[in-house]
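Written below as structure tokens is the structure these notes are about.
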Amino acid sequence: MSHDLTDIKLSNAQIAWRAAQDIEDGAYVNLGIGFPEMVAKFQPDGREAIFHTENGVLGFGEAPAAGEEDWDLINAGKKAITLMPGASFFHHADSFAMVRGGHLDVAILGAYQVAQNGDLANWSTGKGGVPAVGGAMDLVHGAKRVAIITDHVTKKGEPKLLETCTLPLTGVGCVTRVYTSLCVVDIEGGRFVLREKLQALSLEALQAVTGATLHLDGAVAPLTAPSV
Amino acid sequence: MSHDLTDIKLSNAQIAWRAAQDIEDGAYVNLGIGFPEMVAKFQPDGREAIFHTENGVLGFGEAPAAGEEDWDLINAGKKAITLMPGASFFHHADSFAMVRGGHLDVAILGAYQVAQNGDLANWSTGKGGVPAVGGAMDLVHGAKRVAIITDHVTKKGEPKLLETCTLPLTGVGCVTRVYTSLCVVDIEGGRFVLREKLQALSLEALQAVTGATLHLDGAVAPLTAPSV
Amino acid sequence: MDKRMASLADAVADIPDGASVMIGGFGGSGVPIELIHALIDAGPRHLSVINNNAGNGHVGLAGLIEQGRVDKLICSFPRSADPRVFTELYLAGGIELELVPQGTLAERIRAGGAGIPAFYTPATYGTELAKGKPVGEFDGKSYVQERWLKADYALIKAEAGDPLGNLTYRMAARNFNPIMAMAAKTSIAQVSRAAALGDLDPEVVITPGIFIDRLVEVADPQQEEDLNRQEAAYP
Amino acid sequence: MDKRMASLADAVADIPDGASVMIGGFGGSGVPIELIHALIDAGPRHLSVINNNAGNGHVGLAGLIEQGRVDKLICSFPRSADPRVFTELYLAGGIELELVPQGTLAERIRAGGAGIPAFYTPATYGTELAKGKPVGEFDGKSYVQERWLKADYALIKAEAGDPLGNLTYRMAARNFNPIMAMAAKTSIAQVSRAAALGDLDPEVVITPGIFIDRLVEVADPQQEEDLNRQEAAYP
């Protein structure tokens with residue numbers, strides 16, 4: 001990847017901030033473990049999402065202060081959490097009934113690769129080692145919106161937005177929107193439709209680091225995020 | 001049915017009493033609505049079964065005194081009940097998970113007809129009117145023992161124990177034991193095996209009011225019940 | 001977010017003609033009588049109703065049927081002590097009945113809420129209620145394939161509810177209510193006690209608020225058994 | 001009836017070689033550490049274990065695996081912060097892994113407990129984890145058929161338990177415990193507090209006693225996270 005893009009691209013925190021702006025007040029949201037958990041920090045003023053974690057908690061809040069952890073109160077990433085008023089506990093089958101049954105408004109996950117038809121690869125690098133899937137294959141089905149947050153390219157500079165995924169799939173045709181370090185694209189009718197891009201970046205430069213055609217459907221808004 | 005049998009046959013209460021003698025201490029038991037509910041009254045001293053009702057109560061007790069009914073605390077027959085210590089409430093899907101999942105030790109139901117292969121007909125007379133099935137088709141599957149209590153013949157004197165049921169089936173091959181007003185039979189290998197009969201009744205007289213061959217497998221014990 | 005509605009009328013106002021409506025309750029326990037009466041007042045017709053029973057007397061579901069609002073009933077036990085309303089209409093060919101064994105009804109509803117489009121159950125195998133349904137054999141035993149059941153609306157009765165829709169129930173009035181709350185696009189609960197946010201212990205919430213869209217307090221709810229003893233009718 | 005056992009050793013004494021054992025917990029929450037350690041002491045080999053994870057450090061499930069007692073693991077996420085024990089054994093070909101998505105794992109266990117031999121789920125459709133599984137189309141969408149999961153034994157951690165086996169849980173330590181309790185022939189619970197008969201409110205019982213066969217009090221249970229911070233090992 002060129003030096004230019006590294007300079008201008010959004011940080012992970014900024015990508016998470018951008019994704020957070022699309023979450024409605026009162027939305028039920030599941031954030032994948034790791035990077036996506038950051039989205040919770042950036043809820044706009046006056047909006048309050050209700051966060052779900054696969055291991056049986058609805059309505060959890062921030063991490064407790066160090067030393068205040070209760071290891072019976074953790075999220076799917078095994079990190080200690082706290083409760084918001086109106087929280088509830090339930091067992092794993094009920095928790096995935098929420099997921100699979102279409103009750104979540106948004107699931108936000110990371111990705112190795114996303115294809116233009118909405119296929120997602122985010123669980124296996126296909127390289128051996130110990131395979132682990134967790135809840136990802138369930139989360140990509142059921143939530144009303146499945147959004148991805150990711151750097152636009154891999155650490156080696158290879159495109160993550162592709163015509164077809166080459167890594168083992170997590171789900172078929174499941175992704176509806178992708179927030180990257182360079183742009184926001186929707187997946188519609190088997191195509192990537194560009195909605196926002198960094199202003200400093202030309203469409204040509206963006207297309208050059210994208211593995212499938214970026215389609216236009218009306219104006220492309222500037223992608224901006226504060227320093228967070 | 002001959003006058004003789006009417007004189008010697010067990011009453012419904014006595015049939016229920018006999019069925020109750022086979023329920024182990026601590027057994028989880030579902031009693032069908034109507035006549036089978038009577039079985040609960042005749043638990044032998046020192047034994048305590050735990051009663052399940054489809055509408056989401058485990059560990060209920062006798063009916064409350066008249067005027068003490070709480071209509072949020074009823075059994076599957078919509079009769080008011082009370083709670084025993086150690087009771088619990090649960091929703092209908094969990095309730096039938098107990099039934100279908102093989103967690104009940106005994107289900108005791110009434111019958112229109114029972115066939116020698118264990119087929120049961122107890123939900124429809126096939127005559128039109130409003131059909132209603134309730135929980136019977138679930139209860140006949142899953143309980144470790146499905147026992148029937150019934151008069152030996154219909155009100156018209158026709159056999160209820162048959163080679164093949166003629167009425168619409170509730171379940172296929174599901175009954176393991178039948179307690180009638182005249183005898184106790186097990187269903188084994190597609191045959192009725194006679195275990196107990198009223199002493200005043202000859203095997204020939206019993207066979208004459210039974211619609212399938214009664215097989216013998218060792219001694220036939222006397223069927224007795226106190227005046228209850 | 002606050003899911004509380006100002007009135008029963010507001011809570012059911014948008015239920016249109018032709019809607020499918022799950023109604024909680026078993027016999028008279030857990031029946032949202034006031035929500036059903038508000039639905040009678042609201043006036044939609046050609047409803048498909050999913051309930052374990054067919055109502056009793058002339059109130060609640062029996063009242064709704066008596067008003068000619070229900071085209072189809074999906075239930076396990078439409079026969080009851082005082083079944084005149086449904087029985088007469090059914091025998092006159094005025095209402096369609098889909099008879100479903102109680103455990104299958106519960107599991108189909110739960111499957112609808114849990115995103116399971118089909119499952120296999122031993123119930124009905126070899127009986128006339130299995131006619132036309134796929135059969136599968138697993139580990140040498142035969143089972144019938146059943147489909148999920150969903151609805152446009154669910155009318156739920158609960159004991160306590162907070163503004164997020166977290167619910168508790170009262171004894172055997174729980175029955176079908178929690179699973180119907182999961183299986184409808186819009187789930188509407190009447191609660192006997194409005195709890196403040198944070199008042200319900202997260203350990204004892206039976207229906208997490210994610211399954212509830214609207215709730216309305218009915219502080220002293222009517223019980224079907226009492227209404228029928230009084231020979232009440234609605235409207 | 002009294003399901004209380006005199007000791008942890010008594011509670012697991014009959015678990016034989018080759019048994020399938022469900023073990024509750026997610027990460028360290030809700031893991032019945034003391035029951036697992038009693039199982040290590042009891043000595044059975046060639047176990048099939050069903051758990052969401054593969055253990056951490058050298059205690060609990062990781063300890064059981066380290067002792068070479070587990071031939072096969074069915075789980076969703078065997079990778080973790082300190083996965084040496086499982087990882088090394090797996091990469092050396094010393095243990096079989098059946099990888100199941102977490103929601104499918106939960107639903108298969110629930111199906112085992114509920115007598116549902118098979119069901120359809122959207123999860124894994126079109127992925128390599130669906131290989132060899134039947135596919136069904138419902139309402140124009142494709143689903144994968146999954147089978148129930150049962151076990152010979154379940155090891156459960158609960159908060160309070162009465163002599164009939166009625167259980168409550170503590171916060172997110174609930175996780176897989178209630179559904180595993182339903183899906184095993186013999187379900188064994190360790191409870192942090194032994195409640196007297198009648199002490200648990202019937203409204204707040206999460207696992208009705210019908211699903212539990214044995215229980216034993218472990219008043220001050222160890223937590224995996226604490227043990228691993230202390231770099232503990234068992235035995």
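Residue numbering restarts at 1 in every chain; chains get A, B, ... in the order shown in the structure tokens, and ligands count up from 1 in that same order.
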Taking the backbone alone, and naming residues the way the document does, which bits of stretch 32-231 of chain C are helix (DSSP H, G or I) by DSSP, as a ChimeraX atom specification? /C:33-42,60-66,84-91,102-114,128-130,171-173,177-183,209-211,224-229
Give the strand (DSSP E or B) residues of stretch 153-213 of chain B, as assigned by DSSP on the backbone, as a ChimeraX atom specification. /B:153,159,161-162,171,177-180,183-188,191-197,211
Residues as selected, N, CA, C and O atoms, written as a compact mmCIF listing (two decimals), in the first residue's frame, can you do that?
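Result file follows (part24.txt):
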```
# COMPACT_ATOMS: atom_id res chain seq x y z
N VAL B 153 -64.02 -52.07 28.71
CA VAL B 153 -64.86 -52.00 27.49
C VAL B 153 -65.55 -50.64 27.42
O VAL B 153 -65.56 -49.89 28.40
N PRO B 159 -65.10 -53.99 23.08
CA PRO B 159 -63.71 -54.05 23.58
C PRO B 159 -62.94 -52.77 23.25
O PRO B 159 -63.11 -52.19 22.17
N LEU B 161 -59.47 -52.95 24.06
CA LEU B 161 -58.16 -53.55 23.76
C LEU B 161 -58.33 -54.36 22.48
O LEU B 161 -59.07 -55.35 22.45
N LEU B 162 -57.63 -53.94 21.43
CA LEU B 162 -57.91 -54.44 20.09
C LEU B 162 -56.65 -54.89 19.37
O LEU B 162 -55.53 -54.54 19.77
N GLY B 171 -51.09 -41.91 18.80
CA GLY B 171 -49.68 -42.21 18.62
C GLY B 171 -49.51 -43.67 18.25
O GLY B 171 -50.37 -44.50 18.54
N ARG B 177 -48.16 -50.07 29.11
CA ARG B 177 -48.96 -50.83 30.09
C ARG B 177 -50.38 -50.27 30.11
O ARG B 177 -50.57 -49.06 29.96
N VAL B 178 -51.35 -51.16 30.30
CA VAL B 178 -52.75 -50.75 30.39
C VAL B 178 -53.35 -51.29 31.68
O VAL B 178 -53.25 -52.50 31.96
N TYR B 179 -53.92 -50.36 32.47
CA TYR B 179 -54.66 -50.74 33.67
C TYR B 179 -56.15 -50.62 33.33
O TYR B 179 -56.62 -49.51 33.03
N THR B 180 -56.89 -51.74 33.34
CA THR B 180 -58.31 -51.65 33.04
C THR B 180 -59.11 -51.98 34.30
O THR B 180 -58.55 -52.30 35.35
N CYS B 183 -58.22 -55.91 34.44
CA CYS B 183 -56.90 -56.55 34.39
C CYS B 183 -55.79 -55.52 34.19
O CYS B 183 -56.06 -54.34 33.98
N VAL B 184 -54.56 -56.00 34.28
CA VAL B 184 -53.38 -55.20 33.93
C VAL B 184 -52.64 -55.95 32.84
O VAL B 184 -52.33 -57.14 33.01
N VAL B 185 -52.39 -55.28 31.72
CA VAL B 185 -51.63 -55.93 30.66
C VAL B 185 -50.43 -55.06 30.28
O VAL B 185 -50.50 -53.83 30.31
N ASP B 186 -49.34 -55.72 29.93
CA ASP B 186 -48.18 -55.03 29.36
C ASP B 186 -48.21 -55.22 27.85
O ASP B 186 -48.76 -56.22 27.35
N ILE B 187 -47.62 -54.30 27.15
CA ILE B 187 -47.48 -54.44 25.71
C ILE B 187 -46.01 -54.74 25.42
O ILE B 187 -45.14 -53.94 25.73
N GLU B 188 -45.79 -55.94 24.92
CA GLU B 188 -44.41 -56.40 24.69
C GLU B 188 -44.35 -57.14 23.36
O GLU B 188 -45.12 -58.07 23.14
N ARG B 191 -47.65 -57.63 21.44
CA ARG B 191 -48.70 -58.48 22.02
C ARG B 191 -49.14 -57.92 23.36
O ARG B 191 -48.36 -57.29 24.07
N PHE B 192 -50.41 -58.22 23.72
CA PHE B 192 -50.86 -57.96 25.08
C PHE B 192 -50.42 -59.12 25.97
O PHE B 192 -50.74 -60.28 25.68
N VAL B 193 -49.66 -58.83 27.01
CA VAL B 193 -49.24 -59.86 27.96
C VAL B 193 -49.97 -59.61 29.28
O VAL B 193 -49.81 -58.56 29.90
N LEU B 194 -50.78 -60.58 29.69
CA LEU B 194 -51.62 -60.42 30.88
C LEU B 194 -50.77 -60.57 32.14
O LEU B 194 -50.11 -61.59 32.33
N ARG B 195 -50.81 -59.55 33.00
CA ARG B 195 -50.01 -59.58 34.24
C ARG B 195 -50.88 -59.80 35.47
O ARG B 195 -50.47 -60.46 36.41
N GLU B 196 -52.06 -59.20 35.47
CA GLU B 196 -52.97 -59.33 36.62
C GLU B 196 -54.39 -59.36 36.08
O GLU B 196 -54.71 -58.70 35.09
N LYS B 197 -55.26 -60.13 36.78
CA LYS B 197 -56.69 -60.06 36.47
C LYS B 197 -57.48 -60.24 37.76
O LYS B 197 -56.97 -60.76 38.76
N GLY B 211 -60.47 -57.54 22.61
CA GLY B 211 -60.49 -57.61 21.15
C GLY B 211 -59.22 -58.16 20.53
O GLY B 211 -59.05 -58.09 19.30
```
Counting only C-alpha atoms, which residues from chain A have an atom at most 7 Å from any atom of chain D, and could you show them as a PyMOL selection string? chain A and resi 55-57+71-74+78+89-93+96+129-130+132-135+137-138+141+168-172
Find the spatial neighbours of C:Phe119, counting only C-alpha atoms, within a cut-off of 6 Å - ignore same-chain residues fewer than 3 positions away - and output them as a short mmCIF file (atom, residue, chain, number, x, y, z; two decimals) with N, CA and C atoms, in the first residue's frame.
```cif
data_model
loop_
_atom_site.label_atom_id
_atom_site.label_comp_id
_atom_site.auth_asym_id
_atom_site.auth_seq_id
_atom_site.Cartn_x
_atom_site.Cartn_y
_atom_site.Cartn_z
N GLN C 145 -41.78 -33.58 10.03
CA GLN C 145 -41.19 -32.24 9.91
C GLN C 145 -42.26 -31.17 10.10
N GLU C 146 -41.98 -30.24 10.97
CA GLU C 146 -42.90 -29.13 11.23
C GLU C 146 -42.22 -27.81 10.92
N ALA D 118 -33.61 -33.24 14.83
CA ALA D 118 -32.93 -32.47 13.79
C ALA D 118 -33.69 -31.17 13.55
N PHE D 119 -32.95 -30.17 13.08
CA PHE D 119 -33.56 -28.87 12.79
C PHE D 119 -32.74 -28.20 11.70
#
```
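Nearest to chain C of all the residues D:Leu39, D:Val204, D:Leu215, D:Ala19 is D:Val204, counting only C-alpha atoms.
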As a PyMOL selection string, please: the residues near C:Asp71 (cut-off 10 Å, only C-alpha atoms, same-chain neighbours under 3 positions excluded). chain C and resi 18+45-49+65+68+94-97
Write out the residues from the selection above, keeping N, CA, C and O atoms, as a PDB file, in the first residue's frame.
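Heads up, here's the output in result20.pdb:
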```pdb
ATOM      1  N   GLY C  18     -56.708  -8.666   8.110  1.00  0.00           N
ATOM      2  CA  GLY C  18     -55.890  -9.742   7.559  1.00  0.00           C
ATOM      3  C   GLY C  18     -54.639 -10.064   8.340  1.00  0.00           C
ATOM      4  O   GLY C  18     -53.863 -10.934   7.938  1.00  0.00           O
ATOM      5  N   ARG C  45     -60.621  -6.916  10.656  1.00  0.00           N
ATOM      6  CA  ARG C  45     -61.343  -8.136  10.303  1.00  0.00           C
ATOM      7  C   ARG C  45     -60.395  -9.111   9.613  1.00  0.00           C
ATOM      8  O   ARG C  45     -59.269  -8.784   9.313  1.00  0.00           O
ATOM      9  N   HIS C  46     -60.924 -10.301   9.350  1.00  0.00           N
ATOM     10  CA  HIS C  46     -60.175 -11.341   8.623  1.00  0.00           C
ATOM     11  C   HIS C  46     -58.848 -11.684   9.303  1.00  0.00           C
ATOM     12  O   HIS C  46     -57.833 -11.900   8.647  1.00  0.00           O
ATOM     13  N   LEU C  47     -58.871 -11.711  10.616  1.00  0.00           N
ATOM     14  CA  LEU C  47     -57.655 -12.028  11.355  1.00  0.00           C
ATOM     15  C   LEU C  47     -57.384 -13.535  11.344  1.00  0.00           C
ATOM     16  O   LEU C  47     -58.312 -14.343  11.288  1.00  0.00           O
ATOM     17  N   SER C  48     -56.084 -13.890  11.401  1.00  0.00           N
ATOM     18  CA  SER C  48     -55.684 -15.259  11.728  1.00  0.00           C
ATOM     19  C   SER C  48     -55.175 -15.219  13.159  1.00  0.00           C
ATOM     20  O   SER C  48     -54.270 -14.438  13.467  1.00  0.00           O
ATOM     21  N   VAL C  49     -55.764 -16.030  14.018  1.00  0.00           N
ATOM     22  CA  VAL C  49     -55.380 -16.001  15.427  1.00  0.00           C
ATOM     23  C   VAL C  49     -54.697 -17.307  15.812  1.00  0.00           C
ATOM     24  O   VAL C  49     -55.147 -18.390  15.426  1.00  0.00           O
ATOM     25  N   ILE C  65     -64.075 -13.709  18.249  1.00  0.00           N
ATOM     26  CA  ILE C  65     -64.648 -14.648  17.277  1.00  0.00           C
ATOM     27  C   ILE C  65     -66.129 -14.338  17.058  1.00  0.00           C
ATOM     28  O   ILE C  65     -66.616 -14.336  15.929  1.00  0.00           O
ATOM     29  N   GLY C  68     -67.076 -11.900  14.587  1.00  0.00           N
ATOM     30  CA  GLY C  68     -66.816 -12.256  13.189  1.00  0.00           C
ATOM     31  C   GLY C  68     -65.486 -11.739  12.665  1.00  0.00           C
ATOM     32  O   GLY C  68     -65.298 -11.595  11.461  1.00  0.00           O
ATOM     33  N   GLY C  94     -68.018 -21.308   9.262  1.00  0.00           N
ATOM     34  CA  GLY C  94     -67.704 -19.882   9.268  1.00  0.00           C
ATOM     35  C   GLY C  94     -66.307 -19.538   9.738  1.00  0.00           C
ATOM     36  O   GLY C  94     -65.936 -18.356   9.764  1.00  0.00           O
ATOM     37  N   ILE C  95     -65.524 -20.545  10.100  1.00  0.00           N
ATOM     38  CA  ILE C  95     -64.161 -20.258  10.554  1.00  0.00           C
ATOM     39  C   ILE C  95     -63.284 -21.463  10.238  1.00  0.00           C
ATOM     40  O   ILE C  95     -63.720 -22.618  10.367  1.00  0.00           O
ATOM     41  N   GLU C  96     -62.075 -21.167   9.785  1.00  0.00           N
ATOM     42  CA  GLU C  96     -61.132 -22.236   9.458  1.00  0.00           C
ATOM     43  C   GLU C  96     -60.365 -22.610  10.723  1.00  0.00           C
ATOM     44  O   GLU C  96     -60.032 -21.743  11.534  1.00  0.00           O
ATOM     45  N   LEU C  97     -60.092 -23.907  10.884  1.00  0.00           N
ATOM     46  CA  LEU C  97     -59.338 -24.386  12.049  1.00  0.00           C
ATOM     47  C   LEU C  97     -58.110 -25.152  11.597  1.00  0.00           C
ATOM     48  O   LEU C  97     -58.218 -26.069  10.781  1.00  0.00           O
TER      49      LEU C  97
END
```
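Ranking B:Ser202, B:Ala13, B:Ile81, B:Asp94 by their shortest atom-to-atom distance to chain A, with only C-alpha atoms included, puts B:Asp94 first.
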All residues 9 Å or closer to stretch 100-111 of chain B, only C-alpha atoms, same chain fewer than 4 positions away omitted, as a PyMOL selection string: (chain B and resi 19+23+27-37+39+52+95-96+120-123+136+138-151+160) or (chain C and resi 103+121-123) or (chain D and resi 111-116+182-183+210-211)
Find the spatial neighbours of A:Ala115, counting only C-alpha atoms, within a cut-off of 7 Å - ignore same-chain residues fewer than 2 positions away - and output them as an MDAnalysis selection string. chainID A and resid 113 117:120 161:165
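Around D:Ile188, within 9 Å and counting only C-alpha atoms, the residues found are Ala11, Val12, Leu35, Tyr153, Ala154, Leu155, Ile156, Lys157, Ala181, Ile212, Asp213, Arg214, Leu215 and Val216 of chain D, once anything fewer than 6 positions away on its own chain is removed.
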Atomic distance atom CA of A:Ser11 - atom CA of A:Glu158, expressed in Å with one decimal: 17.7 Å
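Of the residues listed (D:Lys185, D:Arg84, D:Lys131, D:Lys150), D:Arg84 shows the shortest atom-to-atom separation from D:His58; distances use only C-alpha atoms.
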